[in-house]
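Pasting target05.cif here (mmCIF, C-alpha atoms):
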```cif
data_run
loop_
_atom_site.label_atom_id
_atom_site.label_comp_id
_atom_site.auth_asym_id
_atom_site.auth_seq_id
_atom_site.Cartn_x
_atom_site.Cartn_y
_atom_site.Cartn_z
CA MET H 1 33.91 -16.33 -28.05
CA ALA H 2 33.57 -20.04 -28.69
CA ARG H 3 37.01 -20.41 -27.22
CA THR H 4 35.66 -19.84 -23.73
CA ALA H 5 34.28 -23.36 -24.06
CA VAL H 6 37.74 -24.88 -23.85
CA PRO H 7 37.40 -27.62 -21.26
CA GLY H 8 39.81 -28.21 -18.43
CA ARG H 9 40.20 -27.05 -14.90
CA LEU H 10 41.03 -23.54 -13.99
CA SER H 11 44.36 -22.28 -12.76
CA TRP H 12 45.82 -18.97 -11.64
CA ARG H 13 47.58 -16.71 -14.15
CA VAL H 14 49.76 -13.68 -13.67
CA ALA H 15 48.41 -10.63 -15.48
CA THR H 16 50.21 -7.31 -15.90
CA VAL H 17 48.59 -3.94 -15.34
CA GLU H 18 48.88 -2.29 -18.73
CA ALA H 19 46.97 0.88 -17.88
CA ALA H 20 44.64 2.26 -15.26
CA ARG H 21 42.09 5.03 -15.09
CA ARG H 22 40.05 6.68 -12.39
CA GLU H 23 36.31 6.30 -13.04
CA THR H 24 34.96 8.13 -9.98
CA PRO H 25 36.59 9.29 -6.71
CA SER H 26 36.02 5.77 -5.37
CA ALA H 27 36.47 3.54 -8.41
CA ARG H 28 39.35 2.66 -10.71
CA THR H 29 39.54 0.60 -13.87
CA LEU H 30 42.53 -1.69 -14.34
CA VAL H 31 43.44 -2.69 -17.88
CA LEU H 32 45.14 -6.07 -17.57
CA ARG H 33 47.17 -7.99 -20.10
CA VAL H 34 46.64 -11.67 -19.45
CA PRO H 35 48.82 -14.27 -21.14
CA GLN H 36 46.88 -17.02 -22.99
CA TRP H 37 43.57 -15.44 -22.08
CA PRO H 38 40.90 -17.64 -23.72
CA GLY H 39 38.39 -14.79 -24.20
CA HIS H 40 35.29 -14.10 -22.14
CA LEU H 41 31.56 -13.54 -22.39
CA PRO H 42 29.86 -10.36 -21.17
CA GLY H 43 28.79 -10.88 -17.56
CA GLN H 44 31.59 -13.23 -16.55
CA HIS H 45 33.97 -12.47 -13.70
CA VAL H 46 37.46 -13.28 -12.48
CA ASP H 47 38.87 -14.10 -9.08
CA VAL H 48 41.78 -11.94 -7.99
CA ARG H 49 44.27 -13.14 -5.38
CA LEU H 50 46.70 -11.01 -3.40
CA THR H 51 49.46 -12.70 -1.44
CA ALA H 52 51.55 -10.91 1.19
CA PRO H 53 55.25 -11.74 1.70
CA ASP H 54 54.32 -13.66 4.86
CA GLY H 55 52.01 -15.91 2.85
CA TYR H 56 48.72 -14.32 3.96
CA SER H 57 46.41 -14.26 0.98
CA ALA H 58 43.04 -12.71 0.17
CA GLN H 59 40.78 -13.50 -2.75
CA ARG H 60 37.91 -11.50 -4.29
CA SER H 61 35.69 -11.76 -7.35
CA TYR H 62 35.50 -8.88 -9.83
CA SER H 63 33.23 -8.62 -12.83
CA ILE H 64 34.87 -8.03 -16.18
CA ALA H 65 33.93 -4.59 -17.49
CA SER H 66 35.20 -4.93 -21.05
CA ALA H 67 33.90 -6.85 -24.03
CA TRP H 68 36.34 -9.36 -25.45
CA ARG H 69 38.19 -8.01 -28.47
CA ASP H 70 40.72 -10.77 -29.03
CA ASP H 71 43.55 -8.50 -27.87
CA GLY H 72 44.53 -10.22 -24.63
CA LEU H 73 43.18 -7.36 -22.54
CA VAL H 74 40.72 -7.61 -19.68
CA GLU H 75 39.34 -4.59 -17.82
CA LEU H 76 38.17 -4.72 -14.23
CA THR H 77 36.49 -1.78 -12.48
CA VAL H 78 37.13 -1.87 -8.76
CA GLN H 79 34.85 0.03 -6.39
CA ARG H 80 36.29 0.93 -3.01
CA VAL H 81 34.76 -1.03 -0.14
CA GLU H 82 35.00 0.56 3.34
CA ASP H 83 37.93 -1.10 5.10
CA GLY H 84 38.38 -3.33 2.05
CA GLU H 85 41.93 -4.64 2.11
CA VAL H 86 41.81 -5.84 -1.50
CA SER H 87 39.93 -2.93 -3.08
CA SER H 88 42.12 -0.32 -1.39
CA TYR H 89 45.27 -2.02 -2.71
CA LEU H 90 43.87 -2.26 -6.24
CA ILE H 91 42.75 1.38 -6.20
CA ASP H 92 45.54 3.12 -4.28
CA ASP H 93 48.67 1.04 -4.55
CA LEU H 94 48.79 -1.21 -7.59
CA GLU H 95 50.90 0.58 -10.21
CA VAL H 96 50.92 0.23 -13.97
CA GLY H 97 53.45 -2.40 -15.00
CA ARG H 98 52.94 -4.49 -11.85
CA PRO H 99 51.71 -8.11 -11.83
CA LEU H 100 48.32 -9.24 -10.55
CA GLU H 101 47.29 -12.84 -10.00
CA LEU H 102 43.90 -13.87 -11.33
CA ARG H 103 41.90 -16.79 -12.64
CA GLY H 104 39.01 -16.87 -15.02
CA PRO H 105 36.87 -16.17 -16.82
CA VAL H 106 34.27 -17.88 -14.65
CA GLY H 107 30.50 -17.96 -14.36
CA GLY H 108 28.42 -19.06 -17.31
CA TRP H 109 24.99 -18.17 -16.00
CA PHE H 110 24.95 -14.39 -15.52
CA VAL H 111 25.97 -13.98 -19.15
CA TRP H 112 24.34 -12.25 -22.10
CA ARG H 113 24.53 -14.35 -25.24
CA ALA H 114 23.49 -12.19 -28.18
CA ALA H 115 19.88 -13.29 -28.58
CA PRO H 116 16.88 -11.60 -30.18
CA PRO H 117 14.76 -10.65 -27.13
CA PRO H 118 14.96 -7.15 -25.68
CA VAL H 119 17.17 -6.79 -22.63
CA LEU H 120 16.59 -5.02 -19.34
CA LEU H 121 19.65 -4.30 -17.24
CA VAL H 122 19.16 -3.19 -13.64
CA ALA H 123 22.25 -2.01 -11.76
CA GLY H 124 22.80 -0.98 -8.18
CA GLY H 125 26.09 0.91 -7.73
CA SER H 126 29.07 -1.00 -9.05
CA GLY H 127 26.67 -3.75 -10.13
CA VAL H 128 26.76 -1.88 -13.42
CA VAL H 129 30.16 -3.38 -14.27
CA PRO H 130 29.10 -6.71 -15.81
CA LEU H 131 26.11 -4.97 -17.42
CA MET H 132 28.50 -2.48 -19.03
CA ALA H 133 30.36 -5.44 -20.55
CA MET H 134 27.03 -6.48 -22.12
CA ILE H 135 26.40 -2.96 -23.46
CA ARG H 136 29.93 -2.83 -24.86
CA ALA H 137 29.65 -6.28 -26.44
CA ARG H 138 26.40 -5.27 -28.11
CA GLY H 139 28.02 -2.05 -29.32
CA ASP H 140 31.00 -3.92 -30.77
CA VAL H 141 28.80 -6.13 -32.95
CA ARG H 142 26.34 -3.28 -33.69
CA GLY H 143 23.62 -5.33 -32.03
CA ARG H 144 20.03 -4.32 -32.64
CA GLN H 145 18.43 -5.88 -29.57
CA PRO H 146 16.64 -3.11 -27.67
CA PHE H 147 18.61 -2.54 -24.46
CA ARG H 148 17.46 -0.59 -21.42
CA LEU H 149 19.65 0.11 -18.43
CA ILE H 150 18.16 1.29 -15.13
CA TYR H 151 21.10 2.39 -13.03
CA SER H 152 20.74 3.26 -9.35
CA VAL H 153 23.51 5.38 -7.82
CA ARG H 154 23.78 7.45 -4.65
CA THR H 155 24.76 10.71 -6.36
CA PRO H 156 25.63 11.79 -9.90
CA GLN H 157 29.34 11.70 -8.94
CA ASP H 158 29.05 7.99 -8.16
CA ALA H 159 27.94 6.96 -11.64
CA LEU H 160 30.51 4.78 -13.38
CA TYR H 161 31.03 5.23 -17.13
CA ALA H 162 28.72 8.26 -17.21
CA ALA H 163 30.38 9.88 -20.23
CA GLU H 164 30.57 6.63 -22.18
CA LEU H 165 26.94 5.81 -21.42
CA ALA H 166 25.86 9.25 -22.66
CA ARG H 167 27.86 8.73 -25.85
CA ARG H 168 26.46 5.24 -26.41
CA VAL H 169 22.87 6.41 -25.87
CA ARG H 170 23.55 8.81 -28.74
CA ASP H 171 25.48 6.41 -30.99
CA ASP H 172 24.26 2.86 -30.21
CA PRO H 173 20.78 2.51 -31.73
CA GLY H 174 18.19 1.09 -29.35
CA LEU H 175 20.05 1.75 -26.09
CA ASP H 176 18.32 3.72 -23.31
CA VAL H 177 19.67 4.57 -19.88
CA HIS H 178 17.63 5.78 -16.92
CA PHE H 179 19.32 6.88 -13.68
CA VAL H 180 17.87 6.51 -10.21
CA TYR H 181 19.53 8.71 -7.57
CA THR H 182 19.13 7.52 -4.00
CA ARG H 183 20.83 10.36 -2.06
CA LYS H 184 21.32 13.39 -4.28
CA THR H 185 20.02 14.22 -7.74
CA PRO H 186 21.50 16.47 -10.40
CA ASP H 187 20.14 20.03 -10.42
CA GLY H 188 16.74 20.21 -12.03
CA TRP H 189 16.07 16.45 -11.80
CA PRO H 190 12.30 15.92 -11.87
CA GLU H 191 12.14 13.57 -8.87
CA PRO H 192 13.49 13.73 -5.33
CA PRO H 193 16.19 11.21 -4.45
CA GLY H 194 14.83 7.78 -3.60
CA ARG H 195 15.17 4.07 -4.08
CA LEU H 196 14.16 2.02 -7.07
CA THR H 197 10.38 1.59 -7.08
CA VAL H 198 7.69 -0.38 -8.84
CA ALA H 199 6.93 2.76 -10.87
CA THR H 200 10.55 3.06 -12.04
CA LEU H 201 10.72 -0.52 -13.27
CA ASN H 202 7.27 -0.30 -14.77
CA THR H 203 7.96 2.96 -16.62
CA HIS H 204 11.56 2.45 -17.69
CA GLY H 205 11.72 -1.33 -18.05
CA TRP H 206 9.98 -3.52 -20.63
CA PRO H 207 6.46 -4.87 -20.27
CA PRO H 208 6.51 -8.53 -19.22
CA ASP H 209 4.69 -9.34 -22.48
CA PHE H 210 7.90 -8.55 -24.36
CA ALA H 211 9.58 -11.42 -22.48
CA PRO H 212 12.84 -9.54 -22.04
CA ASP H 213 16.05 -11.09 -20.80
CA VAL H 214 16.61 -9.36 -17.47
CA PHE H 215 19.93 -9.01 -15.67
CA VAL H 216 20.05 -7.52 -12.17
CA CYS H 217 23.35 -6.91 -10.40
CA GLY H 218 24.22 -5.05 -7.23
CA PRO H 219 24.32 -5.33 -3.46
CA THR H 220 22.26 -8.26 -2.17
CA ALA H 221 19.43 -6.15 -0.71
CA PHE H 222 19.13 -4.13 -3.93
CA VAL H 223 19.05 -7.23 -6.12
CA GLU H 224 16.39 -8.92 -4.01
CA ALA H 225 14.20 -5.81 -3.96
CA ALA H 226 14.50 -5.33 -7.73
CA ALA H 227 13.91 -9.01 -8.53
CA ASP H 228 10.84 -9.11 -6.28
CA ILE H 229 9.38 -6.07 -8.04
CA LEU H 230 10.06 -7.54 -11.49
CA VAL H 231 8.35 -10.81 -10.59
CA ALA H 232 5.41 -8.91 -9.04
CA LEU H 233 5.09 -6.95 -12.29
CA GLY H 234 4.69 -10.26 -14.11
CA HIS H 235 8.16 -11.05 -15.39
CA ASP H 236 8.99 -14.74 -15.64
CA PRO H 237 11.31 -15.50 -12.69
CA GLY H 238 13.24 -17.84 -14.98
CA LYS H 239 14.18 -14.90 -17.20
CA VAL H 240 15.37 -12.69 -14.36
CA ARG H 241 19.05 -13.42 -13.82
CA THR H 242 20.66 -12.03 -10.71
CA GLU H 243 24.12 -11.50 -9.34
CA ARG H 244 24.57 -10.37 -5.74
CA PHE H 245 27.82 -9.08 -4.41
CA GLY H 246 26.80 -8.85 -0.76
CA GLY H 247 27.58 -5.86 1.42
CA ILE H 248 25.79 -2.56 1.33
CA SER H 249 25.89 -0.13 -1.56
CA MET O 1 28.35 -11.62 6.45
CA THR O 2 25.65 -10.93 3.88
CA ALA O 3 24.59 -13.64 1.50
CA VAL O 4 25.82 -13.58 -2.05
CA ASP O 5 24.82 -16.19 -4.61
CA GLY O 6 26.11 -19.20 -6.47
CA ASN O 7 27.80 -17.04 -9.10
CA ALA O 8 30.47 -16.35 -6.47
CA MET O 9 31.39 -20.05 -6.32
CA ALA O 10 32.22 -20.24 -10.01
CA GLY O 11 35.98 -19.93 -9.59
CA ASP O 12 36.31 -22.42 -6.76
CA LEU O 13 34.08 -24.95 -8.56
CA ARG O 14 35.96 -24.53 -11.84
CA GLU O 15 39.10 -25.46 -9.96
CA LEU O 16 37.52 -28.83 -9.26
CA PHE O 17 35.40 -29.48 -12.34
CA ALA O 18 36.05 -29.27 -16.06
CA VAL O 19 32.61 -27.76 -16.64
CA ASP O 20 30.89 -24.69 -15.19
CA VAL O 21 28.82 -26.12 -12.35
CA THR O 22 27.09 -22.76 -11.67
CA THR O 23 24.88 -23.36 -14.71
CA ALA O 24 23.88 -26.82 -13.43
CA VAL O 25 20.51 -27.44 -11.78
CA ALA O 26 20.72 -28.82 -8.24
CA THR O 27 17.68 -30.56 -6.81
CA CYS O 28 17.39 -29.82 -3.11
CA ALA O 29 17.35 -32.93 -0.89
CA GLY O 30 15.20 -31.06 1.63
CA CYS O 31 12.29 -29.77 -0.41
CA GLY O 32 12.84 -31.27 -3.85
CA GLU O 33 12.92 -27.91 -5.62
CA PRO O 34 15.29 -27.65 -8.56
CA CYS O 35 17.52 -24.56 -8.58
CA VAL O 36 20.29 -23.33 -10.83
CA VAL O 37 23.48 -23.39 -8.75
CA ALA O 38 24.08 -19.72 -9.61
CA ARG O 39 20.79 -18.91 -7.83
CA LEU O 40 21.65 -20.65 -4.56
CA ARG O 41 22.15 -18.30 -1.58
CA VAL O 42 25.77 -18.46 -0.56
CA TRP O 43 27.32 -17.54 2.76
CA GLY O 44 31.04 -17.19 3.23
CA PRO O 45 33.56 -15.97 3.69
CA ALA O 46 35.87 -17.99 1.49
CA PRO O 47 37.54 -20.43 1.86
CA GLY O 48 34.43 -21.96 3.45
CA LEU O 49 31.21 -21.52 1.47
CA VAL O 50 27.72 -22.76 2.33
CA ALA O 51 25.10 -22.71 -0.42
CA ARG O 52 21.45 -22.86 0.60
CA CYS O 53 18.24 -23.54 -1.28
CA PRO O 54 16.30 -20.29 -1.90
CA SER O 55 13.02 -22.17 -1.42
CA CYS O 56 13.54 -23.95 1.92
CA ASP O 57 16.88 -22.59 3.16
CA GLY O 58 18.29 -26.12 3.41
CA VAL O 59 22.03 -26.55 2.86
CA VAL O 60 22.54 -27.86 -0.68
CA LEU O 61 26.29 -27.65 -1.05
CA ARG O 62 29.30 -26.86 1.07
CA LEU O 63 32.74 -26.16 -0.27
CA VAL O 64 35.90 -25.62 1.71
CA ARG O 65 39.16 -24.87 -0.02
CA GLY O 66 42.22 -25.58 2.06
CA PRO O 67 45.81 -24.90 1.04
CA GLU O 68 46.31 -28.43 -0.26
CA ARG O 69 42.83 -29.90 -0.65
CA ALA O 70 39.19 -29.07 -1.17
CA TRP O 71 36.14 -30.54 0.56
CA LEU O 72 32.91 -30.66 -1.36
CA ASP O 73 29.80 -31.76 0.54
CA LEU O 74 26.82 -32.36 -1.74
CA ARG O 75 24.60 -34.31 0.60
CA GLY O 76 21.92 -31.61 0.35
CA ALA O 77 21.54 -32.17 -3.37
CA VAL O 78 19.64 -35.16 -4.74
CA SER O 79 21.20 -34.57 -8.15
CA LEU O 80 23.11 -32.11 -10.27
CA GLN O 81 21.93 -31.75 -13.84
CA VAL O 82 24.82 -30.35 -15.83
CA PRO O 83 24.41 -28.79 -19.29
CA MET O 84 26.81 -30.44 -21.72
CA PRO O 85 27.68 -29.88 -25.37
CA PRO O 86 25.92 -32.38 -27.68
CA ARG O 87 27.67 -35.71 -27.46
CA ASP O 88 28.51 -35.96 -31.15
CA ALA O 89 29.46 -32.31 -31.57
CA PRO O 90 32.90 -31.64 -32.98
CA ALA O 91 35.43 -30.44 -30.45
CA THR O 92 35.32 -26.70 -29.91
CA PRO O 93 38.55 -25.13 -31.14
#
```

So that I can check it, write out the structure of this file as structure tokens.
Amino acid sequence: MARTAVPGRLSWRVATVEAARRETPSARTLVLRVPQWPGHLPGQHVDVRLTAPDGYSAQRSYSIASAWRDDGLVELTVQRVEDGEVSSYLIDDLEVGRPLELRGPVGGWFVWRAAPPPVLLVAGGSGVVPLMAMIRARGDVRGRQPFRLIYSVRTPQDALYAAELARRVRDDPGLDVHFVYTRKTPDGWPEPPGRLTVATLNTHGWPPDFAPDVFVCGPTAFVEAAADILVALGHDPGKVRTERFGGIS
Amino acid sequence: MTAVDGNAMAGDLRELFAVDVTTAVATCAGCGEPCVVARLRVWGPAPGLVARCPSCDGVVLRLVRGPERAWLDLRGAVSLQVPMPPRDAPATP
């Protein structure tokens, strides 16, 4: 991990799609092999650039979903954006074996650095991606920091990594996951669908006295609502790290 | 265009600087509040980004990336305080 500290300016690299898998009907994970990849920290992202034959180019940021394992592989999970020219290409058209231009890793602030305090992760939709990298990194080193993920999705079918999260809750000691369903719940769910509330964060988060490291990622409106609630509950604003990806969930 | 935040400028800034400027603290020239660059409110779309102070909404930083040059306007920041490795630390491998 220390190798991410290599100084020098950033340039574009050409990765190759080594594998791909469908996560949900509207999301796909790309497993990329990146030459001379320096390694990354959980929470960092990459910029992806597509260039058309006529020179038109479009650039987007994607969070890295995988923990770094020194194997040259980087996983990105791409959620379809309505009318998104980049996401639709990455989900529908980009085939295994094809090149993809990217640069990174970037962003040193929305990053979990294995530290003793408990951690609260709050995800809205595909905002779970960088938080999943944190959960995976903790799992890889058999971390003991208590981790709680509160994950807001529209319906059960929209949850990314659902099977892996269920397995990790069983196998990774000290990891808890609580789902919030905003449009449709699973059968028998004790609450009607609804947005993240003060009660959710109060019940399923950590008390402010525990001084947890908090990471909130999702659409801008979701992140601002969640961060406001956390601060109102007494969390130190300086310990609430946020990443907004704009748009609507 | 909805606002994102300073995290989204990390790639464009790392093209210009050898360090990660999103972890730096910018002091707003308008209201004097310090703010981590990653926390600034950013409006796009790329290649023209405007980063505003979350306290007073003043423009702190503007960044435009053209095909052959970049413009960085920092007049809304009194200073940038950049975390650095200790001066006498051995080089990171």

Enumerate, in order of chain and increasing residue number, the residues of chain H with an atom no farther than 12 Å from chain O, each with its shortest atom pair and distance in Å to one decimal, counting all atoms listed in the file, as CSV.
```
residue,atom,partner,partner_atom,distance
H:Met1,CA,O:Pro93,CA,10.4
H:Ala2,CA,O:Thr92,CA,7.0
H:Arg3,CA,O:Pro93,CA,6.3
H:Thr4,CA,O:Thr92,CA,9.2
H:Ala5,CA,O:Thr92,CA,6.8
H:Val6,CA,O:Thr92,CA,6.8
H:Pro7,CA,O:Ala18,CA,5.6
H:Gly8,CA,O:Ala18,CA,4.6
H:Arg9,CA,O:Ala18,CA,4.8
H:Leu10,CA,O:Glu15,CA,4.9
H:Ser11,CA,O:Glu15,CA,6.8
H:Trp12,CA,O:Glu15,CA,9.5
H:Pro38,CA,O:Pro93,CA,10.8
H:Gly43,CA,O:Asn7,CA,10.5
H:Gln44,CA,O:Asn7,CA,9.2
H:His45,CA,O:Gly11,CA,8.8
H:Val46,CA,O:Gly11,CA,7.4
H:Asp47,CA,O:Gly11,CA,6.5
H:Val48,CA,O:Gly11,CA,10.0
H:Arg49,CA,O:Gly11,CA,11.5
H:Gly55,CA,O:Pro67,CA,11.1
H:Tyr56,CA,O:Pro67,CA,11.4
H:Ser57,CA,O:Pro67,CA,10.7
H:Ala58,CA,O:Ala46,CA,9.0
H:Gln59,CA,O:Ala46,CA,7.9
H:Arg60,CA,O:Ala46,CA,8.9
H:Ser61,CA,O:Ala8,CA,7.0
H:Tyr62,CA,O:Ala8,CA,9.6
H:Ser63,CA,O:Ala8,CA,10.4
H:Leu102,CA,O:Gly11,CA,10.1
H:Arg103,CA,O:Gly11,CA,7.4
H:Gly104,CA,O:Gly11,CA,6.9
H:Pro105,CA,O:Gly11,CA,8.2
H:Val106,CA,O:Ala10,CA,5.6
H:Gly107,CA,O:Ala10,CA,5.2
H:Gly108,CA,O:Thr23,CA,6.1
H:Trp109,CA,O:Thr23,CA,5.3
H:Phe110,CA,O:Asn7,CA,7.5
H:Val111,CA,O:Thr23,CA,10.4
H:Cys217,CA,O:Val4,CA,11.0
H:Gly218,CA,O:Val4,CA,10.1
H:Pro219,CA,O:Val4,CA,8.5
H:Thr220,CA,O:Val4,CA,6.4
H:Ala221,CA,O:Thr2,CA,9.1
H:Phe222,CA,O:Val4,CA,11.7
H:Val223,CA,O:Val4,CA,10.1
H:Glu224,CA,O:Val4,CA,10.7
H:Pro237,CA,O:Arg39,CA,11.2
H:Gly238,CA,O:Val36,CA,9.9
H:Val240,CA,O:Arg39,CA,10.5
H:Arg241,CA,O:Arg39,CA,8.3
H:Thr242,CA,O:Arg39,CA,7.5
H:Glu243,CA,O:Asn7,CA,6.7
H:Arg244,CA,O:Val4,CA,5.0
H:Phe245,CA,O:Val4,CA,5.5
H:Gly246,CA,O:Val4,CA,5.0
H:Gly247,CA,O:Thr2,CA,6.0
H:Ile248,CA,O:Thr2,CA,8.8
```

TODO: Go through the shown structure with the PyMOL selection byres ((chain H and resi 74-85) around 8) and write out the matching residues as a PyMOL selection string.
DONE: chain H and resi 26-34+62-66+68+72-73+86-91+126+129

Open item on the list: When you count only C-alpha atoms, which of these residues is closest to Val50 (chain O): O:Leu72, O:Cys35, O:Ala29, O:Leu80?
Closed with: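 The answer is O:Leu72, which sits nearest to Val50 (chain O).
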
Open item on the list: On this structure, the PyMOL selection byres ((chain H and resi 141-153) around 8) would catch which residues? List them as a PyMOL selection string, sorted by chain and number.
Closed with: chain H and resi 114-125+128+135+137-140+154-156+158-159+172-182+195-196+201+204-205

Saved selection, atoms kept: C-alpha atoms, as a PDB file, in the frame of the given file:
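What ended up in result21.pdb:
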```pdb
ATOM      1  CA  ALA H 114      23.490 -12.190 -28.180  1.00  0.00           C
ATOM      2  CA  ALA H 115      19.880 -13.290 -28.580  1.00  0.00           C
ATOM      3  CA  PRO H 116      16.880 -11.600 -30.180  1.00  0.00           C
ATOM      4  CA  PRO H 117      14.760 -10.650 -27.130  1.00  0.00           C
ATOM      5  CA  PRO H 118      14.960  -7.150 -25.680  1.00  0.00           C
ATOM      6  CA  VAL H 119      17.170  -6.790 -22.630  1.00  0.00           C
ATOM      7  CA  LEU H 120      16.590  -5.020 -19.340  1.00  0.00           C
ATOM      8  CA  LEU H 121      19.650  -4.300 -17.240  1.00  0.00           C
ATOM      9  CA  VAL H 122      19.160  -3.190 -13.640  1.00  0.00           C
ATOM     10  CA  ALA H 123      22.250  -2.010 -11.760  1.00  0.00           C
ATOM     11  CA  GLY H 124      22.800  -0.980  -8.180  1.00  0.00           C
ATOM     12  CA  GLY H 125      26.090   0.910  -7.730  1.00  0.00           C
ATOM     13  CA  VAL H 128      26.760  -1.880 -13.420  1.00  0.00           C
ATOM     14  CA  ILE H 135      26.400  -2.960 -23.460  1.00  0.00           C
ATOM     15  CA  ALA H 137      29.650  -6.280 -26.440  1.00  0.00           C
ATOM     16  CA  ARG H 138      26.400  -5.270 -28.110  1.00  0.00           C
ATOM     17  CA  GLY H 139      28.020  -2.050 -29.320  1.00  0.00           C
ATOM     18  CA  ASP H 140      31.000  -3.920 -30.770  1.00  0.00           C
ATOM     19  CA  ARG H 154      23.780   7.450  -4.650  1.00  0.00           C
ATOM     20  CA  THR H 155      24.760  10.710  -6.360  1.00  0.00           C
ATOM     21  CA  PRO H 156      25.630  11.790  -9.900  1.00  0.00           C
ATOM     22  CA  ASP H 158      29.050   7.990  -8.160  1.00  0.00           C
ATOM     23  CA  ALA H 159      27.940   6.960 -11.640  1.00  0.00           C
ATOM     24  CA  ASP H 172      24.260   2.860 -30.210  1.00  0.00           C
ATOM     25  CA  PRO H 173      20.780   2.510 -31.730  1.00  0.00           C
ATOM     26  CA  GLY H 174      18.190   1.090 -29.350  1.00  0.00           C
ATOM     27  CA  LEU H 175      20.050   1.750 -26.090  1.00  0.00           C
ATOM     28  CA  ASP H 176      18.320   3.720 -23.310  1.00  0.00           C
ATOM     29  CA  VAL H 177      19.670   4.570 -19.880  1.00  0.00           C
ATOM     30  CA  HIS H 178      17.630   5.780 -16.920  1.00  0.00           C
ATOM     31  CA  PHE H 179      19.320   6.880 -13.680  1.00  0.00           C
ATOM     32  CA  VAL H 180      17.870   6.510 -10.210  1.00  0.00           C
ATOM     33  CA  TYR H 181      19.530   8.710  -7.570  1.00  0.00           C
ATOM     34  CA  THR H 182      19.130   7.520  -4.000  1.00  0.00           C
ATOM     35  CA  ARG H 195      15.170   4.070  -4.080  1.00  0.00           C
ATOM     36  CA  LEU H 196      14.160   2.020  -7.070  1.00  0.00           C
ATOM     37  CA  LEU H 201      10.720  -0.520 -13.270  1.00  0.00           C
ATOM     38  CA  HIS H 204      11.560   2.450 -17.690  1.00  0.00           C
ATOM     39  CA  GLY H 205      11.720  -1.330 -18.050  1.00  0.00           C
TER      40      GLY H 205
END
```

Region 28-42 of chain O: axis-aligned bounding box, 3 Å on each side, centre and edge lengths in Å, one decimal, as JSON:
```
{"center_x": 19.0, "center_y": -25.6, "center_z": -4.6, "size_x": 19.5, "size_y": 20.6, "size_z": 18.5}
```

TODO: Find the distance between CA of Leu49 (chain O) and CA of Ala227 (chain H) and write it in Å to one decimal.
DONE: 23.6 Å
